[in-house]
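As provided, run-v5.txt (compact mmCIF, C-alpha atoms and all ligand atoms) reads as follows.
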# COMPACT_ATOMS: atom_id res chain seq x y z
CA MET A 1 -1.59 -22.53 10.74
CA ILE A 2 -2.65 -23.33 7.18
CA ILE A 3 -4.48 -26.40 5.97
CA VAL A 4 -4.15 -27.28 2.29
CA ILE A 5 -7.25 -29.10 1.07
CA LYS A 6 -7.10 -31.78 -1.62
CA ASN A 7 -8.51 -30.22 -4.76
CA GLU A 8 -11.03 -32.99 -5.42
CA LYS A 9 -12.29 -32.78 -1.83
CA LYS A 10 -12.99 -29.09 -1.52
CA ASN A 11 -16.75 -29.68 -1.55
CA GLU A 12 -16.42 -31.56 1.72
CA LEU A 13 -14.92 -28.65 3.63
CA GLU A 14 -17.93 -27.48 5.57
CA LYS A 15 -17.59 -29.87 8.50
CA LEU A 16 -13.94 -28.99 9.01
CA ILE A 17 -14.66 -25.25 8.94
CA LYS A 18 -17.42 -25.68 11.50
CA TRP A 19 -15.08 -27.64 13.74
CA ILE A 20 -12.33 -24.98 13.46
CA LYS A 21 -14.78 -22.21 14.34
CA ASN A 22 -15.99 -24.24 17.33
CA GLN A 23 -12.40 -24.15 18.63
CA GLY A 24 -12.75 -20.36 18.84
CA LEU A 25 -10.64 -19.70 15.74
CA ASP A 26 -11.28 -17.51 12.69
CA ILE A 27 -10.61 -18.69 9.18
CA HIS A 28 -9.27 -17.09 6.05
CA MET A 29 -10.01 -18.91 2.79
CA SER A 30 -7.89 -18.70 -0.32
CA GLU A 31 -9.13 -20.59 -3.35
CA GLY A 32 -6.55 -20.75 -6.10
CA ALA A 33 -6.52 -22.72 -9.34
CA ASN A 34 -4.31 -25.44 -7.84
CA ALA A 35 -5.16 -25.44 -4.15
CA THR A 36 -7.68 -24.38 -1.56
CA ILE A 37 -6.01 -23.06 1.57
CA VAL A 38 -7.75 -22.63 4.91
CA GLY A 39 -5.83 -20.21 7.13
CA LEU A 40 -6.46 -20.44 10.88
CA ILE A 41 -6.34 -17.20 12.86
CA GLY A 42 -6.11 -17.12 16.64
CA ASP A 43 -4.37 -19.27 19.24
CA THR A 44 -3.73 -22.53 17.38
CA SER A 45 -1.37 -23.95 20.02
CA LYS A 46 -3.96 -26.48 21.16
CA ILE A 47 -4.77 -27.72 17.66
CA ASP A 48 -3.47 -31.23 17.05
CA ILE A 49 -1.63 -31.11 13.70
CA ASP A 50 -1.53 -34.93 13.43
CA LEU A 51 -5.27 -35.17 13.88
CA ILE A 52 -5.94 -32.67 11.08
CA SER A 53 -3.31 -34.22 8.80
CA SER A 54 -5.04 -37.57 9.10
CA LEU A 55 -8.32 -36.25 7.68
CA ASP A 56 -9.16 -37.58 4.26
CA ILE A 57 -9.73 -34.15 2.69
CA VAL A 58 -6.43 -32.69 3.90
CA GLU A 59 -3.35 -32.55 1.68
CA SER A 60 -0.99 -30.95 4.23
CA VAL A 61 -0.88 -28.80 7.39
CA LYS A 62 1.74 -26.22 8.31
CA ARG A 63 2.24 -23.95 11.30
CA ILE A 64 2.89 -20.30 10.35
CA SER A 65 5.58 -18.87 12.56
CA GLU A 66 5.23 -15.25 11.40
CA PRO A 67 2.97 -13.07 13.56
CA TYR A 68 1.19 -11.67 10.48
CA LYS A 69 -1.39 -14.05 9.07
CA LYS A 70 -3.85 -12.42 6.64
CA VAL A 71 -1.00 -10.43 5.12
CA ASN A 72 1.13 -13.58 4.77
CA ARG A 73 1.70 -15.06 1.34
CA LYS A 74 1.44 -18.51 2.90
CA PHE A 75 -2.24 -17.72 3.59
CA HIS A 76 -2.82 -16.38 0.09
CA PRO A 77 -0.28 -17.54 -2.47
CA ALA A 78 -1.61 -15.46 -5.39
CA ASP A 79 -0.89 -11.73 -5.69
CA THR A 80 -3.72 -9.57 -4.38
CA VAL A 81 -5.09 -7.26 -7.04
CA ILE A 82 -6.76 -4.13 -5.70
CA SER A 83 -9.40 -2.17 -7.59
CA ALA A 84 -9.30 1.56 -7.08
CA GLY A 85 -10.59 4.41 -9.18
CA GLY A 86 -11.54 1.99 -11.96
CA ARG A 87 -8.05 0.50 -12.12
CA GLU A 88 -6.27 -2.58 -10.91
CA ILE A 89 -3.17 -2.34 -8.73
CA GLY A 90 -0.86 -5.35 -8.26
CA GLY A 91 -0.80 -8.75 -9.93
CA GLY A 92 1.45 -7.50 -12.73
CA ARG A 93 -0.29 -4.13 -13.27
CA PHE A 94 2.01 -1.15 -12.68
CA CYS A 95 0.57 2.19 -11.58
CA PHE A 96 1.73 5.79 -11.47
CA ILE A 97 0.51 8.11 -8.72
CA ALA A 98 1.70 11.68 -9.17
CA GLY A 99 1.00 15.15 -7.84
CA PRO A 100 2.16 17.77 -5.38
CA CYS A 101 3.02 17.18 -1.78
CA SER A 102 0.16 19.50 -0.81
CA VAL A 103 -2.90 20.91 -2.45
CA GLU A 104 -2.26 24.69 -2.57
CA ASN A 105 -5.00 26.19 -4.75
CA GLU A 106 -7.37 25.23 -7.57
CA GLU A 107 -5.16 26.35 -10.44
CA GLN A 108 -2.19 24.43 -9.06
CA ILE A 109 -3.94 21.11 -8.41
CA VAL A 110 -6.06 21.09 -11.57
CA GLY A 111 -3.07 22.14 -13.70
CA ILE A 112 -0.83 19.40 -12.29
CA ALA A 113 -3.64 16.82 -12.57
CA LEU A 114 -4.13 17.54 -16.28
CA ALA A 115 -0.38 17.50 -16.92
CA VAL A 116 0.36 14.20 -15.17
CA LYS A 117 -2.73 12.59 -16.68
CA LYS A 118 -1.42 13.49 -20.15
CA SER A 119 1.89 11.82 -19.28
CA GLY A 120 0.16 8.61 -18.22
CA ALA A 121 -0.48 8.92 -14.48
CA HIS A 122 -3.36 6.82 -13.12
CA PHE A 123 -3.90 8.66 -9.84
CA LEU A 124 -3.43 12.18 -8.55
CA ARG A 125 -1.79 12.59 -5.14
CA GLY A 126 -2.02 15.72 -2.99
CA GLY A 127 -2.06 16.26 0.75
CA ALA A 128 -4.95 18.19 2.31
CA PHE A 129 -4.09 17.26 5.90
CA LYS A 130 -0.31 17.48 6.28
CA PRO A 131 1.76 15.92 9.06
CA ARG A 132 4.50 18.55 9.40
CA THR A 133 7.43 18.35 11.78
CA SER A 134 6.97 22.01 12.71
CA PRO A 135 3.64 23.37 13.95
CA TYR A 136 4.58 26.65 12.23
CA ALA A 137 4.89 25.05 8.77
CA PHE A 138 1.98 24.95 6.29
CA GLN A 139 -0.49 22.39 7.68
CA GLY A 140 -2.48 21.84 4.49
CA MET A 141 -5.82 23.21 3.32
CA GLY A 142 -7.84 20.59 5.22
CA ALA A 143 -11.41 20.00 4.03
CA ASP A 144 -11.05 22.71 1.35
CA GLY A 145 -8.10 20.80 -0.06
CA ILE A 146 -10.24 17.66 -0.41
CA GLU A 147 -12.84 19.71 -2.31
CA LEU A 148 -10.14 20.90 -4.72
CA LEU A 149 -8.91 17.33 -5.20
CA LYS A 150 -12.46 16.33 -6.11
CA LYS A 151 -12.56 19.15 -8.70
CA ALA A 152 -9.25 17.97 -10.13
CA LYS A 153 -10.61 14.42 -10.25
CA LYS A 154 -13.65 15.59 -12.20
CA LYS A 155 -11.60 17.60 -14.66
CA SER A 156 -8.84 15.04 -15.22
CA GLY A 157 -10.62 11.72 -14.70
CA LEU A 158 -7.80 10.64 -12.36
CA GLY A 159 -8.49 8.77 -9.13
CA ILE A 160 -7.31 10.64 -6.03
CA VAL A 161 -4.97 9.64 -3.22
CA THR A 162 -4.71 11.71 -0.04
CA GLU A 163 -3.60 11.27 3.54
CA ILE A 164 -5.85 10.85 6.56
CA MET A 165 -4.52 11.96 9.95
CA ASN A 166 -7.64 11.88 12.08
CA ILE A 167 -10.36 9.24 11.89
CA ASN A 168 -12.98 11.93 12.62
CA HIS A 169 -12.30 13.23 9.10
CA LEU A 170 -13.26 9.94 7.44
CA ASP A 171 -16.57 11.29 6.10
CA LEU A 172 -14.62 13.84 4.07
CA PHE A 173 -12.89 10.95 2.26
CA SER A 174 -15.97 9.39 0.67
CA ASP A 175 -14.89 10.42 -2.87
CA VAL A 176 -11.22 9.65 -2.27
CA ASP A 177 -10.11 6.53 -4.17
CA ILE A 178 -7.12 5.56 -2.02
CA ILE A 179 -6.63 6.71 1.58
CA GLN A 180 -3.00 7.22 2.51
CA VAL A 181 -1.72 6.43 5.99
CA GLY A 182 1.49 8.39 6.32
CA ALA A 183 4.79 7.17 7.70
CA ARG A 184 4.17 8.95 10.99
CA ASN A 185 0.90 7.11 11.49
CA MET A 186 2.06 3.62 10.55
CA GLN A 187 1.61 2.55 14.15
CA ASN A 188 -1.46 4.61 14.97
CA PHE A 189 -3.30 1.42 15.80
CA ASP A 190 -6.66 3.06 16.52
CA LEU A 191 -6.58 4.73 13.10
CA LEU A 192 -5.61 1.42 11.44
CA LYS A 193 -8.43 -0.45 13.21
CA GLU A 194 -10.99 2.13 12.10
CA LEU A 195 -9.74 2.05 8.50
CA GLY A 196 -10.04 -1.71 8.70
CA GLN A 197 -13.81 -1.24 9.05
CA SER A 198 -13.95 0.65 5.77
CA LYS A 199 -13.69 -0.95 2.34
CA LYS A 200 -11.56 1.85 0.85
CA PRO A 201 -8.11 0.93 -0.47
CA ILE A 202 -5.44 1.96 2.05
CA LEU A 203 -1.96 3.06 1.00
CA LEU A 204 0.13 2.17 4.05
CA LYS A 205 3.48 3.89 4.15
CA ARG A 206 6.39 2.35 6.01
CA GLY A 207 7.22 4.21 9.23
CA LEU A 208 10.36 6.31 9.54
CA SER A 209 11.99 3.60 11.63
CA GLY A 210 9.59 0.78 10.91
CA THR A 211 11.02 -2.70 10.50
CA ILE A 212 9.50 -4.81 7.76
CA GLU A 213 7.76 -6.95 10.36
CA GLU A 214 6.28 -3.92 12.15
CA TRP A 215 5.09 -2.57 8.80
CA LEU A 216 3.42 -5.89 7.93
CA MET A 217 1.83 -6.05 11.38
CA SER A 218 0.32 -2.61 10.71
CA ALA A 219 -1.15 -3.99 7.48
CA GLU A 220 -2.43 -6.93 9.55
CA TYR A 221 -4.29 -4.45 11.80
CA VAL A 222 -6.23 -3.14 8.79
CA MET A 223 -6.85 -6.61 7.34
CA SER A 224 -7.79 -8.16 10.67
CA LYS A 225 -10.78 -5.79 10.81
CA GLY A 226 -11.98 -6.89 7.37
CA ASN A 227 -10.41 -4.47 4.90
CA GLU A 228 -8.25 -6.55 2.58
CA ASN A 229 -7.44 -3.62 0.26
CA VAL A 230 -4.00 -2.67 1.49
CA ILE A 231 -1.19 -1.33 -0.69
CA LEU A 232 2.23 -1.09 0.95
CA CYS A 233 4.51 1.85 0.21
CA GLU A 234 8.26 1.86 0.81
CA ARG A 235 9.22 5.52 1.30
CA GLY A 236 12.70 5.29 2.75
CA ILE A 237 13.78 4.72 6.32
CA ARG A 238 15.82 6.80 8.72
CA THR A 239 19.49 5.86 8.82
CA PHE A 240 22.75 7.59 9.82
CA GLU A 241 23.06 9.02 6.28
CA HIS A 242 22.29 12.72 5.93
CA TYR A 243 23.03 13.41 2.27
CA THR A 244 19.58 12.03 1.52
CA ARG A 245 16.40 12.74 3.51
CA ASN A 246 15.91 9.00 4.07
CA THR A 247 17.48 5.81 2.74
CA LEU A 248 15.45 3.97 0.13
CA ASP A 249 15.35 0.33 1.18
CA LEU A 250 15.31 -1.26 -2.26
CA SER A 251 15.79 -4.73 -0.84
CA ALA A 252 12.47 -4.40 0.99
CA ILE A 253 10.62 -4.56 -2.34
CA PRO A 254 11.44 -8.14 -3.41
CA LEU A 255 11.50 -9.27 0.22
CA VAL A 256 8.07 -7.90 1.10
CA LYS A 257 6.65 -9.28 -2.13
CA GLU A 258 7.95 -12.68 -1.06
CA LEU A 259 6.46 -12.37 2.45
CA THR A 260 3.07 -10.98 1.45
CA HIS A 261 0.58 -11.07 -1.41
CA LEU A 262 -0.14 -7.33 -1.17
CA PRO A 263 0.94 -4.82 -3.83
CA VAL A 264 4.08 -2.85 -2.96
CA ILE A 265 4.80 0.57 -4.41
CA VAL A 266 7.68 2.99 -3.91
CA ASP A 267 7.87 6.71 -3.10
CA PRO A 268 11.25 7.89 -4.42
CA SER A 269 10.47 11.52 -3.47
CA HIS A 270 10.32 11.13 0.31
CA ALA A 271 12.93 8.37 0.15
CA SER A 272 15.61 10.66 -1.26
CA GLY A 273 14.39 14.20 -0.60
CA LEU A 274 16.21 15.32 -3.73
CA SER A 275 14.47 15.91 -7.04
CA ARG A 276 17.53 14.83 -9.03
CA LEU A 277 17.46 11.40 -7.38
CA VAL A 278 13.80 10.76 -8.18
CA ARG A 279 14.51 9.46 -11.66
CA PRO A 280 17.32 6.99 -10.81
CA MET A 281 15.50 5.73 -7.71
CA SER A 282 12.27 5.28 -9.71
CA LEU A 283 14.12 3.22 -12.30
CA ALA A 284 15.81 1.15 -9.59
CA ALA A 285 12.54 0.56 -7.72
CA THR A 286 10.83 -0.58 -10.90
CA ALA A 287 13.70 -2.92 -11.70
CA ALA A 288 13.48 -4.32 -8.16
CA GLY A 289 9.85 -5.32 -8.71
CA SER A 290 7.76 -2.42 -7.41
CA ASP A 291 4.09 -2.48 -8.45
CA GLY A 292 4.03 1.26 -8.93
CA LEU A 293 5.43 4.65 -8.00
CA ILE A 294 4.08 7.60 -6.05
CA ILE A 295 5.97 10.71 -7.11
CA GLU A 296 5.79 14.34 -6.04
CA VAL A 297 5.27 16.56 -9.07
CA HIS A 298 4.92 20.35 -8.79
CA ASN A 299 4.51 23.02 -11.46
CA ASP A 300 6.84 25.40 -9.63
CA PRO A 301 9.01 23.46 -7.14
CA PRO A 302 10.97 26.44 -5.74
CA ARG A 303 7.68 28.00 -4.65
CA ALA A 304 6.00 24.83 -3.38
CA LEU A 305 4.50 25.19 0.10
CA CYS A 306 5.86 21.78 1.03
CA ASP A 307 8.63 19.45 -0.20
CA GLY A 308 9.72 21.56 -3.19
CA ALA A 309 13.29 20.23 -3.05
CA GLN A 310 12.13 16.70 -3.82
CA SER A 311 9.44 17.60 -6.37
CA ILE A 312 9.99 17.12 -10.07
CA ARG A 313 8.35 19.22 -12.78
CA PRO A 314 5.60 17.84 -15.07
CA GLU A 315 8.07 17.68 -18.02
CA GLN A 316 10.45 15.56 -15.94
CA PHE A 317 7.60 13.28 -14.94
CA ASP A 318 6.64 12.90 -18.59
CA GLU A 319 10.16 11.84 -19.48
CA LEU A 320 10.34 9.47 -16.50
CA VAL A 321 7.11 7.67 -17.43
CA LYS A 322 8.55 6.97 -20.88
CA LYS A 323 11.71 5.45 -19.36
CA ILE A 324 9.77 3.31 -16.90
CA LYS A 325 7.62 1.97 -19.73
CA ASP A 326 10.81 0.64 -21.33
CA ILE A 327 11.64 -1.33 -18.18
CA LEU A 328 8.19 -2.85 -17.50
CA PRO A 329 8.37 -5.76 -19.99
CA ILE A 330 11.73 -6.80 -18.52
CA VAL A 331 10.18 -7.20 -15.06
CA ASP A 332 7.00 -8.86 -16.39
CA LYS A 333 4.77 -5.89 -15.62
CA ARG A 334 2.27 -4.01 -17.72
CA LEU A 335 0.36 -0.77 -17.32
C1 LIG B 401 3.54 12.66 1.87
O1 LIG B 401 3.24 11.72 1.10
O2 LIG B 401 3.49 13.86 1.52
C2 LIG B 401 4.10 12.33 3.19
C3 LIG B 401 3.98 13.16 4.22
O3 LIG B 401 4.72 11.15 3.19
P1 LIG B 401 5.40 10.30 4.38
O4 LIG B 401 4.29 9.95 5.29
O5 LIG B 401 5.98 9.12 3.65
O6 LIG B 401 6.45 11.15 5.01
MN MN B 402 5.61 15.39 0.81

Since I need it in another form, could you write the structure as C-alpha cells?
Ligand code: PEP
Ligand code: MN
Amino acid sequence: MIIVIKNEKKNELEKLIKWIKNQGLDIHMSEGANATIVGLIGDTSKIDIDLISSLDIVESVKRISEPYKKVNRKFHPADTVISAGGREIGGGRFCFIAGPCSVENEEQIVGIALAVKKSGAHFLRGGAFKPRTSPYAFQGMGADGIELLKKAKKKSGLGIVTEIMNINHLDLFSDVDIIQVGARNMQNFDLLKELGQSKKPILLKRGLSGTIEEWLMSAEYVMSKGNENVILCERGIRTFEHYTRNTLDLSAIPLVKELTHLPVIVDPSHASGLSRLVRPMSLAATAAGSDGLIIEVHNDPPRALCDGAQSIRPEQFDELVKKIKDILPIVDKRL
C-alpha cells in the first residue's frame, strides 16, 4: 500500500508514521519534488483504506498488488541512482563495464584494464570465483584473482566488478566496487539476504529461467534487508533456441524500467554467446533503454580460459563504445 501525502502537509507526518508502525508494519519513504510517498511493507490487509484516505494530510491511498514493494516504482517514482567506484549508475547516466570472463594472470588483467579504460570503460569486470557447469573446467583463481583485480584497479583507476559465490568470501570483497550475483545464484536466498546486510552495490543477474517477477523478488530480498544499491542485469534467458547461448530478452529492459526504479544493464556476451553478436545486441540494448552494458573483452579470445567464443577484442570494444556514444543522445542518456 502507498500513501501519497499532500505536499504542504508533509511536516505533519510523524503521527501517521507512528500509527503505521504500531500496526506492525514497516515503512519506506520516498520524498520527491512533487510528492512524498509513504510505502507500507507487511500485511496491510487489515488497514482501512477509507480511514487513511479521510485524513487531512493524505492526498491518496493505493493498494500495491505486486509482491515486490521496495523495488516497485510505485514506492519510489524517481530513478534510483547508485554510486559505485566514484561514478553514478542510473538516472540517465550510462556505464560501460568491460573485461574478461575470468582473471587469468596479472599481465592479462592489467593489460585489458588499461585498454578498456582508454576506450572509455568505467568499470573492469573479471571473475575470480567462477560458476562453471563442469567441475573439470577452470574454476577461477579465487582469492588470488581478487588480488590481481585490485592491482588492475590501482593501475587503471577503474572500479572493479566481480562475482561472489559463497558468502564466507565476503571479506575478500572489501575493495570490490560492485559485487555480482550470477545468474545461477539469482535465487540463492541466503546469499541475497546476507548481501542485503552490506552496503555494497549488487549487480543482480537474471536467472537462466528467471521470470521478471522472480528476478524482481530476488532484488526485493536484497533491499528488504536494507541494501538499496541494486543494479539489475538482463543476460539472456534459456529458450528452445540453440543457435545462440541464450535469448536476449530485449523487451525486459523497458518493462523492468517501468516496474522498478532500479538501474537495468545488459550483458550481450552471455546473452548471445557469440562475439559477432555482441555489437548488434549492445546497440539494440542501448536503443531499448539500458542504463549500461557489461561486456566480455579478452586480449586473446581463442586462448581464453573461459567464454572465449563470446569475448570481443579490445579494438572491437573501442569501436563499439564510439557507436554507442552516437546513440546515447537519442535515448536521453549521457555518460
Ligand atoms: C559471468 O559474468 O561471467 C557469468 C558467469 O555470468 P552469468 O551468471 O550471467 O552466466
Ligand atoms: Mn563469462

Could you list, as a short mmCIF file (atom, residue, chain, number, x, y, z; two decimals) with C-alpha atoms, keeping the file's coordinate frame, all residues that come within 9 Å of ligand MN 402 (chain B)? Count all atoms listed in the file.
data_model
loop_
_atom_site.label_atom_id
_atom_site.label_comp_id
_atom_site.auth_asym_id
_atom_site.auth_seq_id
_atom_site.Cartn_x
_atom_site.Cartn_y
_atom_site.Cartn_z
CA PRO A 100 2.16 17.77 -5.38
CA CYS A 101 3.02 17.18 -1.78
CA SER A 102 0.16 19.50 -0.81
CA GLY A 126 -2.02 15.72 -2.99
CA GLY A 127 -2.06 16.26 0.75
CA LYS A 130 -0.31 17.48 6.28
CA SER A 269 10.47 11.52 -3.47
CA HIS A 270 10.32 11.13 0.31
CA GLY A 273 14.39 14.20 -0.60
CA GLU A 296 5.79 14.34 -6.04
CA CYS A 306 5.86 21.78 1.03
CA ASP A 307 8.63 19.45 -0.20
CA GLY A 308 9.72 21.56 -3.19
CA GLN A 310 12.13 16.70 -3.82
CA SER A 311 9.44 17.60 -6.37
#

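With all atoms listed in the file as the basis for measurement, A:Lys200 is the residue among A:Lys200, A:Lys46, A:Arg206, A:Lys153 that approaches Asp171 in chain A most closely.
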
Close residues, range 103-114 of chain A itself excluded, 9 Å, all atoms listed in the file, min 3 positions apart in chain, as a PDB file with C-alpha atoms, keeping the file's coordinate frame:
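Contents of around-v3.pdb, as written:
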ATOM      1  CA  ALA A  98       1.700  11.680  -9.170  1.00  0.00           C
ATOM      2  CA  GLY A  99       1.000  15.150  -7.840  1.00  0.00           C
ATOM      3  CA  PRO A 100       2.160  17.770  -5.380  1.00  0.00           C
ATOM      4  CA  LYS A 117      -2.730  12.590 -16.680  1.00  0.00           C
ATOM      5  CA  LYS A 118      -1.420  13.490 -20.150  1.00  0.00           C
ATOM      6  CA  SER A 119       1.890  11.820 -19.280  1.00  0.00           C
ATOM      7  CA  ALA A 121      -0.480   8.920 -14.480  1.00  0.00           C
ATOM      8  CA  PHE A 123      -3.900   8.660  -9.840  1.00  0.00           C
ATOM      9  CA  LEU A 124      -3.430  12.180  -8.550  1.00  0.00           C
ATOM     10  CA  ARG A 125      -1.790  12.590  -5.140  1.00  0.00           C
ATOM     11  CA  GLY A 126      -2.020  15.720  -2.990  1.00  0.00           C
ATOM     12  CA  GLY A 127      -2.060  16.260   0.750  1.00  0.00           C
ATOM     13  CA  ALA A 128      -4.950  18.190   2.310  1.00  0.00           C
ATOM     14  CA  GLY A 140      -2.480  21.840   4.490  1.00  0.00           C
ATOM     15  CA  MET A 141      -5.820  23.210   3.320  1.00  0.00           C
ATOM     16  CA  GLY A 145      -8.100  20.800  -0.060  1.00  0.00           C
ATOM     17  CA  ILE A 146     -10.240  17.660  -0.410  1.00  0.00           C
ATOM     18  CA  LEU A 148     -10.140  20.900  -4.720  1.00  0.00           C
ATOM     19  CA  LEU A 149      -8.910  17.330  -5.200  1.00  0.00           C
ATOM     20  CA  LYS A 151     -12.560  19.150  -8.700  1.00  0.00           C
ATOM     21  CA  ALA A 152      -9.250  17.970 -10.130  1.00  0.00           C
ATOM     22  CA  LYS A 153     -10.610  14.420 -10.250  1.00  0.00           C
ATOM     23  CA  LYS A 155     -11.600  17.600 -14.660  1.00  0.00           C
ATOM     24  CA  SER A 156      -8.840  15.040 -15.220  1.00  0.00           C
ATOM     25  CA  GLY A 157     -10.620  11.720 -14.700  1.00  0.00           C
ATOM     26  CA  LEU A 158      -7.800  10.640 -12.360  1.00  0.00           C
ATOM     27  CA  VAL A 297       5.270  16.560  -9.070  1.00  0.00           C
ATOM     28  CA  HIS A 298       4.920  20.350  -8.790  1.00  0.00           C
ATOM     29  CA  ASN A 299       4.510  23.020 -11.460  1.00  0.00           C
ATOM     30  CA  ALA A 304       6.000  24.830  -3.380  1.00  0.00           C
ATOM     31  CA  LEU A 305       4.500  25.190   0.100  1.00  0.00           C
ATOM     32  CA  PRO A 314       5.600  17.840 -15.070  1.00  0.00           C
TER      33      PRO A 314
END

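Distance annotation: of A:Leu255, A:Ala285, A:Leu208, A:Leu277, the residue with the minimal separation from ligand LIG 401 (chain B) is A:Leu208; atom set is only C-alpha atoms and all ligand atoms.
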
Would you mind listing what lies within 7 Å of Ile5 in chain A as a list in words, with only C-alpha atoms counted and same-chain residues fewer than 3 positions away left out? Lys9, Lys10, Ala35, Thr36, Ile37, Ile57, Val58 and Glu59 of chain A

Store the residues picked out above in a file with C-alpha atoms, as a PDB file, in the frame of the given file.
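out15.pdb, freshly written:
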ATOM      1  CA  LYS A   9     -12.290 -32.780  -1.830  1.00  0.00           C
ATOM      2  CA  LYS A  10     -12.990 -29.090  -1.520  1.00  0.00           C
ATOM      3  CA  ALA A  35      -5.160 -25.440  -4.150  1.00  0.00           C
ATOM      4  CA  THR A  36      -7.680 -24.380  -1.560  1.00  0.00           C
ATOM      5  CA  ILE A  37      -6.010 -23.060   1.570  1.00  0.00           C
ATOM      6  CA  ILE A  57      -9.730 -34.150   2.690  1.00  0.00           C
ATOM      7  CA  VAL A  58      -6.430 -32.690   3.900  1.00  0.00           C
ATOM      8  CA  GLU A  59      -3.350 -32.550   1.680  1.00  0.00           C
TER       9      GLU A  59
END

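Take CA of Ile64 in chain A and CA of Gly91 in chain A: the distance between them is 23.6 Å.
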
Return as AutoDock Vina command-line options the centre and edge lengths, in Å with one decimal, of the box along x, y and z that encloses every atom of ligand LIG 401 (chain B) in the file, padded by 4 Å per side.
--center_x 4.8 --center_y 11.5 --center_z 3.2 --size_x 11.2 --size_y 12.7 --size_z 12.2

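With CA of Lys257 in chain A on one side and CA of Glu241 in chain A on the other, the separation reads 26.0 Å.
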
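Proximity of A:Gln316, A:Thr286, A:Ser83, A:Asn166 to Ile202 in chain A, computed with all atoms listed in the file, is greatest for A:Ser83.
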
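Closest approach to Glu319 in chain A among A:Arg245, A:His122, A:Arg303, A:Arg279: A:Arg279, based on only C-alpha atoms.
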
Just the number, please: distance in Å from CA of Val116 in chain A to CA of Ile97 in chain A, one decimal. 8.9 Å

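Nearest residue to ligand LIG 401 (chain B) among A:Gly85, A:Pro131, A:Gly90, A:Pro77 is A:Pro131, counting only C-alpha atoms and all ligand atoms.
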
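Here the question is which of A:Ala219, A:Leu16, A:Ile3, A:Ser54 gets nearest to Glu31 in chain A using all atoms listed in the file, and that residue is A:Ile3.
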
Excluding Pro329 in chain A and its own-chain neighbours fewer than 6 positions away, which residues fall within 12 Å of it when counting only C-alpha atoms? Please give them as a compact mmCIF listing (two decimals) with C-alpha atoms, in the frame of the given file.
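Listed below is the output, around-v3.txt:
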# COMPACT_ATOMS: atom_id res chain seq x y z
CA GLY A 92 1.45 -7.50 -12.73
CA ARG A 93 -0.29 -4.13 -13.27
CA PHE A 94 2.01 -1.15 -12.68
CA THR A 286 10.83 -0.58 -10.90
CA ALA A 287 13.70 -2.92 -11.70
CA GLY A 289 9.85 -5.32 -8.71
CA LYS A 323 11.71 5.45 -19.36
CA LEU A 335 0.36 -0.77 -17.32

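Taking only C-alpha atoms into account, the residues near (-13.1, 11.2, 9.9), no farther than 12 Å, are Phe129, Gly142, Ala143, Glu163, Ile164, Met165, Asn166, Ile167, Asn168, His169, Leu170, Asp171, Leu172, Phe173, Ser174, Ile179, Leu191, Glu194, Leu195 and Ser198 of chain A.
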
Extract range 266-301 of chain A from the coordinates I pasted, and write it as a CSV table (one decimal), in the first residue's frame (atoms kept: C-alpha atoms).
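As a result, out.csv now contains:
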chain,number,residue,atom,x,y,z
A,266,VAL,CA,22.6,-5.6,-20.3
A,267,ASP,CA,25.2,-8.4,-20.8
A,268,PRO,CA,25.2,-9.1,-24.6
A,269,SER,CA,28.1,-11.6,-24.2
A,270,HIS,CA,26.3,-14.2,-22.1
A,271,ALA,CA,23.0,-13.4,-23.8
A,272,SER,CA,24.3,-14.4,-27.2
A,273,GLY,CA,27.4,-16.5,-26.6
A,274,LEU,CA,28.8,-15.3,-29.9
A,275,SER,CA,31.4,-12.5,-30.2
A,276,ARG,CA,30.0,-11.3,-33.6
A,277,LEU,CA,26.5,-10.7,-32.0
A,278,VAL,CA,27.9,-8.6,-29.1
A,279,ARG,CA,28.0,-5.4,-31.2
A,280,PRO,CA,24.4,-5.6,-32.7
A,281,MET,CA,22.9,-6.7,-29.3
A,282,SER,CA,24.7,-3.9,-27.5
A,283,LEU,CA,23.3,-1.3,-29.9
A,284,ALA,CA,19.8,-2.8,-29.6
A,285,ALA,CA,20.0,-2.9,-25.8
A,286,THR,CA,21.1,0.7,-25.7
A,287,ALA,CA,18.3,1.7,-28.0
A,288,ALA,CA,15.8,-0.2,-25.8
A,289,GLY,CA,16.8,1.9,-22.8
A,290,SER,CA,19.5,0.0,-21.0
A,291,ASP,CA,21.5,2.0,-18.4
A,292,GLY,CA,24.7,0.4,-19.3
A,293,LEU,CA,26.5,-2.7,-20.7
A,294,ILE,CA,28.7,-5.4,-19.2
A,295,ILE,CA,30.8,-6.9,-22.0
A,296,GLU,CA,33.4,-9.6,-22.1
A,297,VAL,CA,36.6,-8.3,-23.6
A,298,HIS,CA,39.7,-10.5,-23.9
A,299,ASN,CA,43.2,-9.8,-25.4
A,300,ASP,CA,43.4,-13.3,-27.0
A,301,PRO,CA,39.9,-14.8,-27.2
